[in-house]
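Participant: upload_18.txt is reproduced below (compact mmCIF, C-alpha atoms).
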```txt
# COMPACT_ATOMS: atom_id res chain seq x y z
CA MET T 1 12.52 -17.09 2.31
CA SER T 2 14.61 -15.02 -0.07
CA ASP T 3 16.07 -11.62 0.75
CA TYR T 4 14.06 -8.70 -0.58
CA LEU T 5 13.02 -5.11 0.17
CA GLY T 6 10.83 -5.17 3.26
CA LYS T 7 11.64 -8.71 4.35
CA ASP T 8 11.94 -7.63 7.98
CA THR T 9 8.94 -5.29 7.95
CA PHE T 10 6.16 -6.03 10.44
CA LYS T 11 3.82 -8.16 8.35
CA LEU T 12 0.65 -6.30 9.28
CA GLY T 13 0.17 -2.94 7.58
CA PHE T 14 -2.37 -0.33 8.66
CA GLY T 15 -4.59 0.45 5.68
CA LEU T 16 -6.21 3.86 6.02
CA MET T 17 -9.05 3.49 3.50
CA ARG T 18 -11.78 2.31 5.89
CA LEU T 19 -11.12 4.38 9.02
CA PRO T 20 -13.68 4.70 11.84
CA LYS T 21 -16.31 7.37 11.31
CA ASN T 22 -18.30 9.72 13.51
CA PRO T 23 -22.10 9.88 13.11
CA ASP T 24 -21.71 12.88 10.81
CA GLY T 25 -19.45 10.90 8.46
CA SER T 26 -16.18 12.53 9.49
CA ILE T 27 -13.22 10.40 10.53
CA ASP T 28 -13.03 9.63 14.26
CA ILE T 29 -9.55 11.04 14.89
CA PRO T 30 -9.33 10.11 18.62
CA GLN T 31 -10.07 6.48 17.75
CA VAL T 32 -7.55 6.54 14.91
CA CYS T 33 -4.96 7.93 17.35
CA LYS T 34 -5.62 5.06 19.74
CA MET T 35 -5.36 2.54 16.92
CA ALA T 36 -2.08 4.07 15.73
CA ASP T 37 -0.70 3.91 19.28
CA MET T 38 -1.57 0.23 19.54
CA PHE T 39 -0.14 -0.52 16.10
CA ILE T 40 3.21 1.20 16.67
CA GLU T 41 3.56 -0.17 20.20
CA ALA T 42 3.17 -3.70 18.80
CA GLY T 43 5.94 -3.11 16.26
CA GLY T 44 3.88 -1.95 13.28
CA THR T 45 5.39 0.67 11.00
CA TYR T 46 3.68 0.58 7.58
CA PHE T 47 0.76 2.98 7.01
CA ASP T 48 -0.98 3.02 3.63
CA THR T 49 -3.18 5.79 2.27
CA ALA T 50 -3.89 7.52 -1.06
CA TYR T 51 -4.65 10.96 -2.45
CA VAL T 52 -8.25 9.94 -3.23
CA TYR T 53 -9.11 8.07 -0.02
CA ASN T 54 -11.99 9.77 1.79
CA ASN T 55 -11.57 12.85 -0.40
CA GLY T 56 -8.20 13.51 1.19
CA ASP T 57 -9.33 13.04 4.78
CA SER T 58 -7.41 9.76 5.03
CA GLU T 59 -4.11 11.57 4.46
CA ARG T 60 -5.15 14.30 6.90
CA ALA T 61 -6.08 11.69 9.50
CA PHE T 62 -2.64 10.15 9.13
CA LYS T 63 -1.07 13.51 9.88
CA ALA T 64 -3.21 14.04 12.97
CA ALA T 65 -2.79 10.51 14.34
CA VAL T 66 0.78 9.68 13.32
CA ALA T 67 2.95 12.41 11.75
CA ASP T 68 2.05 15.02 14.37
CA ARG T 69 2.48 12.58 17.27
CA PHE T 70 5.43 10.33 16.49
CA PRO T 71 9.05 10.88 15.42
CA ARG T 72 9.66 10.29 11.71
CA SER T 73 11.72 7.19 12.50
CA ALA T 74 8.70 5.48 14.10
CA TYR T 75 6.76 4.87 10.91
CA THR T 76 6.81 4.45 7.16
CA ILE T 77 4.12 5.95 4.96
CA ALA T 78 2.83 4.89 1.56
CA THR T 79 0.49 6.99 -0.55
CA LYS T 80 -0.59 7.06 -4.17
CA LEU T 81 -1.04 9.38 -7.15
CA ASN T 82 -4.24 8.77 -9.10
CA ALA T 83 -3.95 10.20 -12.61
CA ASN T 84 -7.46 8.97 -13.43
CA ASN T 85 -9.11 10.85 -10.59
CA ALA T 86 -12.28 12.46 -11.99
CA SER T 87 -11.03 15.92 -10.96
CA ILE T 88 -7.82 15.57 -13.00
CA HIS T 89 -7.78 17.00 -16.53
CA ASN T 90 -4.09 17.28 -17.44
CA ALA T 91 -0.54 16.31 -16.47
CA GLU T 92 0.02 19.37 -14.29
CA GLU T 93 -3.05 18.64 -12.17
CA ALA T 94 -2.02 15.01 -11.82
CA LYS T 95 1.49 15.88 -10.71
CA ALA T 96 0.13 18.44 -8.23
CA GLU T 97 -1.30 15.54 -6.21
CA PHE T 98 2.22 14.78 -4.99
CA ALA T 99 2.72 18.17 -3.31
CA THR T 100 -0.79 18.07 -1.90
CA SER T 101 -0.16 14.65 -0.36
CA LEU T 102 3.09 15.88 1.20
CA GLU T 103 1.20 18.76 2.79
CA ARG T 104 -1.74 16.66 3.93
CA THR T 105 0.35 13.90 5.50
CA GLY T 106 3.06 16.10 7.03
CA ALA T 107 5.48 13.25 6.40
CA GLY T 108 8.26 15.30 4.79
CA TYR T 109 8.93 12.48 2.34
CA PHE T 110 7.30 9.20 1.35
CA ASP T 111 8.85 5.85 2.15
CA TYR T 112 6.68 4.21 -0.52
CA TYR T 113 4.94 6.00 -3.38
CA LEU T 114 2.65 4.34 -5.90
CA LEU T 115 0.93 4.99 -9.19
CA HIS T 116 -2.62 4.17 -8.18
CA ALA T 117 -4.90 1.41 -9.48
CA LEU T 118 -3.38 0.50 -12.84
CA GLN T 119 -5.89 -1.34 -15.01
CA ARG T 120 -6.38 -2.02 -18.72
CA GLY T 121 -8.47 1.10 -19.13
CA SER T 122 -6.39 3.43 -16.97
CA TYR T 123 -2.67 2.70 -17.16
CA VAL T 124 -2.16 4.66 -20.40
CA THR T 125 -2.95 7.90 -18.58
CA TYR T 126 0.24 7.52 -16.55
CA ASP T 127 2.20 7.24 -19.78
CA LYS T 128 0.35 10.17 -21.36
CA TYR T 129 1.04 12.46 -18.39
CA GLY T 130 4.66 11.36 -17.88
CA ILE T 131 3.96 10.18 -14.33
CA TRP T 132 6.55 7.37 -14.36
CA ASP T 133 9.38 9.84 -14.94
CA PHE T 134 7.83 12.41 -12.60
CA VAL T 135 7.85 9.96 -9.70
CA LYS T 136 11.46 9.03 -10.36
CA GLU T 137 12.36 12.71 -10.34
CA GLN T 138 10.85 13.03 -6.86
CA ARG T 139 12.83 9.99 -5.79
CA ASP T 140 16.04 11.59 -7.06
CA LYS T 141 15.20 14.69 -5.00
CA GLY T 142 14.97 12.53 -1.88
CA LEU T 143 11.21 12.93 -1.52
CA ILE T 144 10.50 9.26 -2.25
CA LYS T 145 12.49 6.28 -0.98
CA HIS T 146 10.78 3.47 -2.89
CA TRP T 147 8.32 3.63 -5.76
CA GLY T 148 5.95 1.28 -7.49
CA PHE T 149 2.32 0.85 -8.46
CA SER T 150 -0.90 -0.77 -7.29
CA PHE T 151 -2.42 -3.14 -9.82
CA HIS T 152 -5.93 -4.40 -10.63
CA ALA T 153 -5.63 -6.21 -13.94
CA ASP T 154 -4.46 -9.38 -15.65
CA PRO T 155 -1.02 -11.01 -15.38
CA GLU T 156 -0.31 -10.32 -19.05
CA LEU T 157 -0.51 -6.56 -18.46
CA LEU T 158 1.56 -6.93 -15.28
CA GLU T 159 4.24 -8.72 -17.28
CA GLU T 160 4.15 -5.91 -19.85
CA LEU T 161 4.46 -3.16 -17.23
CA LEU T 162 7.28 -4.81 -15.29
CA THR T 163 9.17 -5.40 -18.52
CA ALA T 164 8.73 -1.76 -19.54
CA HIS T 165 9.55 -0.44 -16.05
CA PRO T 166 12.06 -2.87 -14.53
CA ASP T 167 13.29 -0.26 -12.05
CA VAL T 168 10.13 -0.16 -9.90
CA ASP T 169 10.97 -1.17 -6.35
CA PHE T 170 7.75 -2.96 -5.43
CA ILE T 171 4.13 -3.47 -6.44
CA GLN T 172 0.82 -3.74 -4.62
CA LEU T 173 -1.49 -6.62 -5.50
CA GLN T 174 -4.87 -7.91 -4.42
CA ILE T 175 -4.23 -11.33 -2.92
CA ASN T 176 -6.48 -13.42 -0.69
CA TYR T 177 -7.41 -17.08 -0.47
CA ALA T 178 -10.79 -16.48 -2.14
CA ASP T 179 -9.20 -14.83 -5.19
CA TRP T 180 -6.15 -17.07 -5.50
CA GLU T 181 -7.68 -18.95 -8.45
CA ASN T 182 -10.49 -16.47 -9.21
CA PRO T 183 -10.50 -16.03 -13.02
CA GLY T 184 -11.59 -12.41 -12.60
CA ILE T 185 -8.63 -11.52 -10.35
CA ARG T 186 -6.01 -14.19 -11.19
CA ALA T 187 -4.17 -13.47 -7.95
CA ARG T 188 -1.87 -16.48 -8.12
CA GLU T 189 -0.70 -15.65 -11.65
CA CYS T 190 -0.10 -11.99 -10.79
CA TYR T 191 1.86 -13.01 -7.69
CA GLU T 192 3.98 -15.38 -9.77
CA VAL T 193 4.70 -12.66 -12.38
CA ALA T 194 5.82 -10.28 -9.62
CA ARG T 195 8.12 -12.83 -8.05
CA ARG T 196 9.53 -13.85 -11.41
CA HIS T 197 10.57 -10.19 -11.81
CA ASN T 198 11.95 -10.21 -8.25
CA LYS T 199 9.50 -7.56 -7.11
CA PRO T 200 8.40 -7.58 -3.46
CA ILE T 201 4.70 -7.11 -2.80
CA THR T 202 2.45 -5.19 -0.48
CA VAL T 203 -0.90 -6.94 -0.31
CA MET T 204 -4.27 -5.19 -0.49
CA GLU T 205 -7.70 -6.73 0.10
CA PRO T 206 -6.40 -9.74 2.09
CA ILE T 207 -9.86 -9.99 3.68
CA LYS T 208 -11.60 -9.05 0.41
CA GLY T 209 -13.24 -5.89 1.73
CA GLY T 210 -14.28 -7.64 4.95
CA ALA T 211 -15.94 -10.60 3.20
CA LEU T 212 -13.45 -13.10 4.65
CA ALA T 213 -14.01 -11.78 8.16
CA ASP T 214 -17.58 -13.06 7.77
CA PRO T 215 -17.42 -15.67 5.00
CA ILE T 216 -20.19 -17.96 3.83
CA PRO T 217 -21.40 -20.51 6.41
CA ALA T 218 -19.60 -23.42 4.75
CA VAL T 219 -16.25 -21.65 5.12
CA GLN T 220 -17.00 -20.60 8.68
CA GLU T 221 -17.69 -24.21 9.61
CA ILE T 222 -14.37 -25.36 8.15
CA LEU T 223 -12.31 -22.65 9.86
CA LYS T 224 -14.05 -22.88 13.22
CA ALA T 225 -13.71 -26.66 13.29
CA ALA T 226 -9.97 -26.30 12.74
CA ALA T 227 -9.40 -23.53 15.32
CA PRO T 228 -12.45 -22.50 17.37
CA ASP T 229 -10.64 -19.66 19.14
CA MET T 230 -9.10 -18.03 16.08
CA SER T 231 -10.90 -15.17 14.36
CA LEU T 232 -12.04 -15.79 10.81
CA ALA T 233 -10.06 -12.78 9.61
CA SER T 234 -6.86 -14.20 11.06
CA TRP T 235 -6.88 -17.06 8.56
CA ALA T 236 -7.03 -14.62 5.65
CA ILE T 237 -4.22 -12.34 6.82
CA ARG T 238 -1.90 -15.15 7.92
CA TYR T 239 -2.47 -16.96 4.62
CA VAL T 240 -1.03 -14.08 2.61
CA ALA T 241 1.63 -13.09 5.14
CA SER T 242 3.01 -16.64 4.88
CA MET T 243 4.05 -16.14 1.26
CA ASP T 244 7.57 -15.29 0.12
CA GLY T 245 8.29 -11.76 -1.05
CA ILE T 246 5.62 -10.02 1.01
CA ILE T 247 6.56 -6.61 2.43
CA THR T 248 3.39 -6.34 4.50
CA VAL T 249 -0.30 -7.24 4.41
CA LEU T 250 -2.61 -4.22 4.53
CA SER T 251 -5.69 -4.46 6.69
CA GLY T 252 -8.21 -1.63 6.43
CA MET T 253 -9.11 -1.61 10.10
CA SER T 254 -12.23 0.36 11.03
CA ASN T 255 -12.22 0.20 14.83
CA ILE T 256 -10.13 -0.64 17.87
CA ALA T 257 -11.59 -4.15 18.10
CA GLN T 258 -10.29 -5.01 14.64
CA MET T 259 -6.87 -3.65 15.55
CA GLU T 260 -6.83 -5.72 18.73
CA ASP T 261 -7.78 -8.87 16.85
CA ASN T 262 -5.18 -8.38 14.10
CA LEU T 263 -2.40 -7.67 16.58
CA SER T 264 -3.32 -10.72 18.67
CA TYR T 265 -1.95 -13.03 15.97
CA MET T 266 0.38 -10.75 14.00
CA ARG T 267 2.38 -9.37 16.93
CA ASN T 268 4.25 -12.68 17.02
CA PHE T 269 3.39 -13.84 13.52
CA LYS T 270 3.77 -17.51 12.64
CA PRO T 271 3.31 -18.65 9.03
CA LEU T 272 0.60 -21.22 8.33
CA ASP T 273 1.81 -24.78 8.78
CA GLU T 274 0.91 -27.55 6.34
CA ALA T 275 -2.19 -28.59 8.28
CA GLU T 276 -3.45 -25.01 8.24
CA GLN T 277 -2.71 -24.70 4.53
CA ASP T 278 -4.92 -27.76 4.01
CA VAL T 279 -7.72 -26.02 5.93
CA ILE T 280 -7.43 -23.06 3.56
CA ARG T 281 -7.57 -25.37 0.55
CA ARG T 282 -10.85 -26.82 1.82
CA ALA T 283 -12.19 -23.30 2.40
CA GLN T 284 -11.25 -22.39 -1.17
CA GLU T 285 -13.16 -25.39 -2.49
CA ALA T 286 -16.24 -24.27 -0.55
CA ILE T 287 -15.97 -20.74 -1.96
CA GLN T 288 -15.87 -22.00 -5.53
CA GLY T 289 -19.48 -23.11 -5.19
CA ASP T 290 -20.70 -19.78 -3.80
CA LYS T 291 -22.62 -17.40 -6.09
CA ALA T 292 -22.57 -14.20 -4.01
CA ILE T 293 -21.68 -10.93 -5.75
CA ALA T 294 -17.98 -10.46 -4.95
CA CYS T 295 -18.15 -6.71 -4.27
CA THR T 296 -15.67 -5.29 -1.74
CA ALA T 297 -17.51 -1.95 -1.33
CA CYS T 298 -14.52 0.13 -2.39
CA HIS T 299 -16.97 2.55 -4.10
CA TYR T 300 -14.67 3.23 -7.04
CA CYS T 301 -17.67 2.44 -9.24
CA THR T 302 -19.87 5.15 -7.74
CA GLU T 303 -17.51 8.11 -8.06
CA GLY T 304 -18.44 8.79 -11.68
CA CYS T 305 -21.88 7.19 -11.92
CA PRO T 306 -24.11 9.68 -13.78
CA MET T 307 -27.23 8.21 -12.16
CA ASN T 308 -25.82 8.25 -8.61
CA ILE T 309 -26.58 4.56 -8.10
CA PRO T 310 -25.26 3.16 -4.78
CA ILE T 311 -23.96 0.01 -6.44
CA PRO T 312 -22.14 -1.61 -3.47
CA GLU T 313 -25.12 -1.05 -1.17
CA ILE T 314 -27.49 -2.62 -3.69
CA PHE T 315 -25.21 -5.63 -4.08
CA ALA T 316 -24.99 -5.98 -0.28
CA VAL T 317 -28.78 -6.13 -0.06
CA SER T 318 -28.84 -8.74 -2.82
CA ASN T 319 -26.25 -10.89 -1.05
CA ARG T 320 -28.15 -10.75 2.24
CA GLN T 321 -31.37 -11.67 0.46
CA ARG T 322 -29.69 -14.74 -0.98
CA GLY T 323 -28.54 -15.90 2.44
CA ASN T 324 -31.75 -15.27 4.38
CA GLU T 325 -35.22 -15.93 2.96
CA ALA T 326 -36.84 -13.89 5.75
CA PHE T 327 -34.83 -10.82 4.92
CA ARG T 328 -37.04 -7.81 4.22
CA THR T 329 -35.51 -7.15 0.86
CA ARG T 330 -37.67 -4.36 -0.50
CA ARG T 331 -37.51 -2.35 2.72
CA GLU T 332 -33.73 -2.59 2.94
CA TYR T 333 -33.38 -1.90 -0.78
CA SER T 334 -35.52 1.22 -0.35
CA ILE T 335 -33.31 2.42 2.50
CA ALA T 336 -30.13 1.76 0.51
CA THR T 337 -31.36 3.71 -2.51
CA GLU T 338 -33.28 6.52 -0.80
CA GLY T 339 -32.48 9.80 -2.53
CA ARG T 340 -30.22 8.03 -5.02
CA GLY T 341 -30.51 5.99 -8.19
CA LYS T 342 -32.01 2.51 -8.36
CA ALA T 343 -30.75 -0.50 -10.27
CA SER T 344 -33.32 0.16 -12.97
CA ASP T 345 -31.93 3.67 -13.50
CA CYS T 346 -28.69 2.29 -14.98
CA ILE T 347 -28.07 3.70 -18.47
CA GLU T 348 -25.35 1.11 -19.19
CA CYS T 349 -22.63 3.70 -19.78
CA GLY T 350 -20.00 1.25 -18.49
CA GLN T 351 -18.15 3.76 -16.30
CA CYS T 352 -18.57 1.52 -13.28
CA GLU T 353 -17.17 -1.57 -14.97
CA GLY T 354 -14.09 0.31 -16.11
CA ALA T 355 -13.41 1.40 -12.53
CA CYS T 356 -14.17 -1.88 -10.73
CA PRO T 357 -11.01 -3.53 -9.30
CA GLN T 358 -12.91 -6.83 -9.07
CA HIS T 359 -13.84 -6.71 -12.79
CA LEU T 360 -17.48 -7.44 -12.01
CA PRO T 361 -20.11 -7.38 -14.80
CA ILE T 362 -21.92 -4.60 -12.94
CA ILE T 363 -24.41 -3.75 -15.66
CA GLU T 364 -25.73 -7.31 -15.82
CA LEU T 365 -25.67 -7.68 -12.04
CA LEU T 366 -27.75 -4.54 -11.62
CA LYS T 367 -30.32 -6.03 -13.96
CA THR T 368 -30.67 -9.00 -11.63
CA CYS T 369 -31.18 -6.60 -8.71
CA ARG T 370 -34.19 -4.88 -10.29
CA SER T 371 -36.47 -7.54 -8.81
CA MET T 372 -35.90 -6.00 -5.37
CA GLU T 373 -37.55 -2.71 -6.36
```
Any chance you could put this one into structure tokens?
Facilitator:
Amino acid sequence: MSDYLGKDTFKLGFGLMRLPKNPDGSIDIPQVCKMADMFIEAGGTYFDTAYVYNNGDSERAFKAAVADRFPRSAYTIATKLNANNASIHNAEEAKAEFATSLERTGAGYFDYYLLHALQRGSYVTYDKYGIWDFVKEQRDKGLIKHWGFSFHADPELLEELLTAHPDVDFIQLQINYADWENPGIRARECYEVARRHNKPITVMEPIKGGALADPIPAVQEILKAAAPDMSLASWAIRYVASMDGIITVLSGMSNIAQMEDNLSYMRNFKPLDEAEQDVIRRAQEAIQGDKAIACTACHYCTEGCPMNIPIPEIFAVSNRQRGNEAFRTRREYSIATEGRGKASDCIECGQCEGACPQHLPIIELLKTCRSME
């Protein structure tokens, strides 16, 4: 492998978007503390959060579980500025996120700082508000060590952005074996653009929002036949971690069991060998024939929905219906939508599609879900 920023970083990163929750919906801080202890003890250092995750509670949880309990040399922290956050109305408010994140995390400075979720419909806001230069100013003050952006669009836009901003230190991309040749994500092409520009990569969604921890039966059969004792998630994380130019692979772990599983094979990480790569190729072929809705339940689509439609929950019910004829669809659909909008309430404003990192045709998909009402 080539030399690059982060080459020697522990290849499992702790993603703080899907942290364990208490029954009241608050983050389970004692469990996060235990997970952070396990992660750091195993050699992990990279924690990833964002200003908008859990309405700021993700950054606060990091402070409680890591910054307040470990010396600064024990970890690195990445967070993100979202200029398209619904609460942001001008450049000053966008830039204020940086100071708020510093306070919330208690980190003192950020090892990695990102412009958040650049897409075709959102990247211009960062230009309009002067965020590129603002972030570099914070770097020059010593408050940021490395800066970059997370990306959810096509390789043509990625090429444009890296050409216009050749001084970014790294980028964050969605890469997993299901999306490697997915025409809606184009993960392989985006990866190749990044490497052509010599940019190292942090990887998000390696398990595709948990979907590859419990893939379709055909994929499960292939993976279990190859290695009965390996977790299904391990194939997904090791697949991406085996690539050149990867700083770390972010896993949004939601409980201690997931942390234990990930550390069991990443503590002494070994890249996939050729036989294992062939197993992944067969799994990819099986996925190509699957017609499930590829929603990762990130909920970006719901934040600005004027009809308060629980889109990811509706899609989850639809996917389960497809896989199990005995599934009590209408009952589960009613539970998922209780007190909120239904698929038929969609006014086709398109807000959700502009926010979706998976580029799903949400409006049309909701129409297909009306039959469950």
Participant: Using all atoms listed in the file, which residues sit within 9 Å of region 237-243 of chain T once same-chain residues fewer than 5 positions away are excluded, as an NGL selection string?
Facilitator: :T and (1 or 11-12 or 175-177 or 203 or 206-207 or 248-251 or 262 or 265-266 or 269-272 or 276-277 or 280)
Participant: Would you compute the distance between CA of Leu157 (chain T) and CA of Arg120 (chain T)? Give it in Å to one decimal.
Facilitator: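 Separation between CA of Leu157 (chain T) and CA of Arg120 (chain T): 7.4 Å.
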Participant: Region 133-149 of chain T, all listed atoms, 5 Å padding on each side: what axis-aligned box centre and edge lengths in Å to one decimal come out, as AutoDock Vina command-line options?
Facilitator:
```
--center_x 9.2 --center_y 7.8 --center_z -8.0 --size_x 23.7 --size_y 23.8 --size_z 24.0
```
Participant: Using only C-alpha atoms, find each residue in region 70-162 of chain T having at least one atom no more than 9 Å away from region 193-201 of chain T; report its shortest atom-to-atom pair and that distance in Å (one decimal), rows by chain then rising number, as JSON lines.
Facilitator:
```
{"residue": "T:Pro155", "atom": "CA", "partner": "T:Val193", "partner_atom": "CA", "distance": 6.7}
{"residue": "T:Glu156", "atom": "CA", "partner": "T:Val193", "partner_atom": "CA", "distance": 8.7}
{"residue": "T:Leu158", "atom": "CA", "partner": "T:Val193", "partner_atom": "CA", "distance": 7.1}
{"residue": "T:Glu159", "atom": "CA", "partner": "T:Val193", "partner_atom": "CA", "distance": 6.3}
{"residue": "T:Leu162", "atom": "CA", "partner": "T:His197", "partner_atom": "CA", "distance": 7.2}
```
Participant: Select, from T:Glu41, T:Cys301, T:Ile247, T:Ile144, the residue with the minimum atom-to-atom distance to Ser2 (chain T), counting all atoms listed in the file.
Facilitator: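 Using all atoms listed in the file, Ser2 (chain T) sits closest to T:Ile247.
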Participant: Check the smallest atom-to-atom distance from each of T:Asp68, T:Asp8, T:Asp179, T:Asp57 to Glu285 (chain T) using all atoms listed in the file, then report the winner.
Facilitator: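 Among T:Asp68, T:Asp8, T:Asp179, T:Asp57, it is T:Asp179 that comes nearest to Glu285 (chain T).
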Participant: Could you jot down the CA of Tyr113 (chain T) to CA of Trp147 (chain T) separation for me, Å, one decimal place?
Facilitator: 4.8 Å
Participant: Identify, on the basis of all atoms listed in the file, every residue whose closest approach to Val32 (chain T) does not exceed 9 Å; exclude the query and any residue fewer than 6 positions from it along the same chain; express the result as a list of chain:residue names.
Facilitator: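 Near neighbours after the sequence-gap exclusion: T:Leu19, T:Pro20, T:Ala61, T:Phe62, T:Ala64, T:Ala65, T:Ser254, T:Asn255, T:Ile256.
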Participant: In Å to one decimal, how far is CA of Phe170 (chain T) from CA of Met38 (chain T)?
Facilitator: 26.8 Å
Participant: Hey, what's within 10 Å of Ile311 (chain T) if we count all atoms listed in the file and toss same-chain stuff fewer than 2 positions away? As a count of residues only, please?
Facilitator: 23
Participant: Which one is closest to Lys224 (chain T): T:Ala153, T:Ala283, T:Ile27, T:Ala187? Count only C-alpha atoms.
Facilitator: T:Ala283
Participant: Which of these, T:Ala67, T:Leu360, T:Ala50, T:Val219, has the shortest distance to Ser150 (chain T) once you count all atoms listed in the file?
Facilitator: T:Ala50
Participant: Using only C-alpha atoms, list the residues that have an atom at most 9 Å from (-23.8, -16.8, -4.2), coordinates as in the file, as a PDB file with C-alpha atoms, in the coordinates of the input.
Facilitator:
```
ATOM      1  CA  ILE T 216     -20.190 -17.960   3.830  1.00  0.00           C
ATOM      2  CA  GLY T 289     -19.480 -23.110  -5.190  1.00  0.00           C
ATOM      3  CA  ASP T 290     -20.700 -19.780  -3.800  1.00  0.00           C
ATOM      4  CA  LYS T 291     -22.620 -17.400  -6.090  1.00  0.00           C
ATOM      5  CA  ALA T 292     -22.570 -14.200  -4.010  1.00  0.00           C
ATOM      6  CA  ILE T 293     -21.680 -10.930  -5.750  1.00  0.00           C
ATOM      7  CA  ALA T 294     -17.980 -10.460  -4.950  1.00  0.00           C
ATOM      8  CA  ASN T 319     -26.250 -10.890  -1.050  1.00  0.00           C
ATOM      9  CA  ARG T 322     -29.690 -14.740  -0.980  1.00  0.00           C
ATOM     10  CA  GLY T 323     -28.540 -15.900   2.440  1.00  0.00           C
TER      11      GLY T 323
END
```
Participant: Rank nothing, just name the residue among T:Asp345, T:Glu364, T:Glu353, T:Glu332 nearest to Glu303 (chain T), using only C-alpha atoms.
Facilitator: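 Closest to Glu303 (chain T) of all the choices is T:Glu353.
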Participant: Which of these, T:Gln258, T:Ser371, T:Ser318, T:Thr296, has the shortest distance to Phe39 (chain T) once you count all atoms listed in the file?
Facilitator: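 Between T:Gln258, T:Ser371, T:Ser318, T:Thr296, the residue approaching Phe39 (chain T) most closely is T:Gln258.
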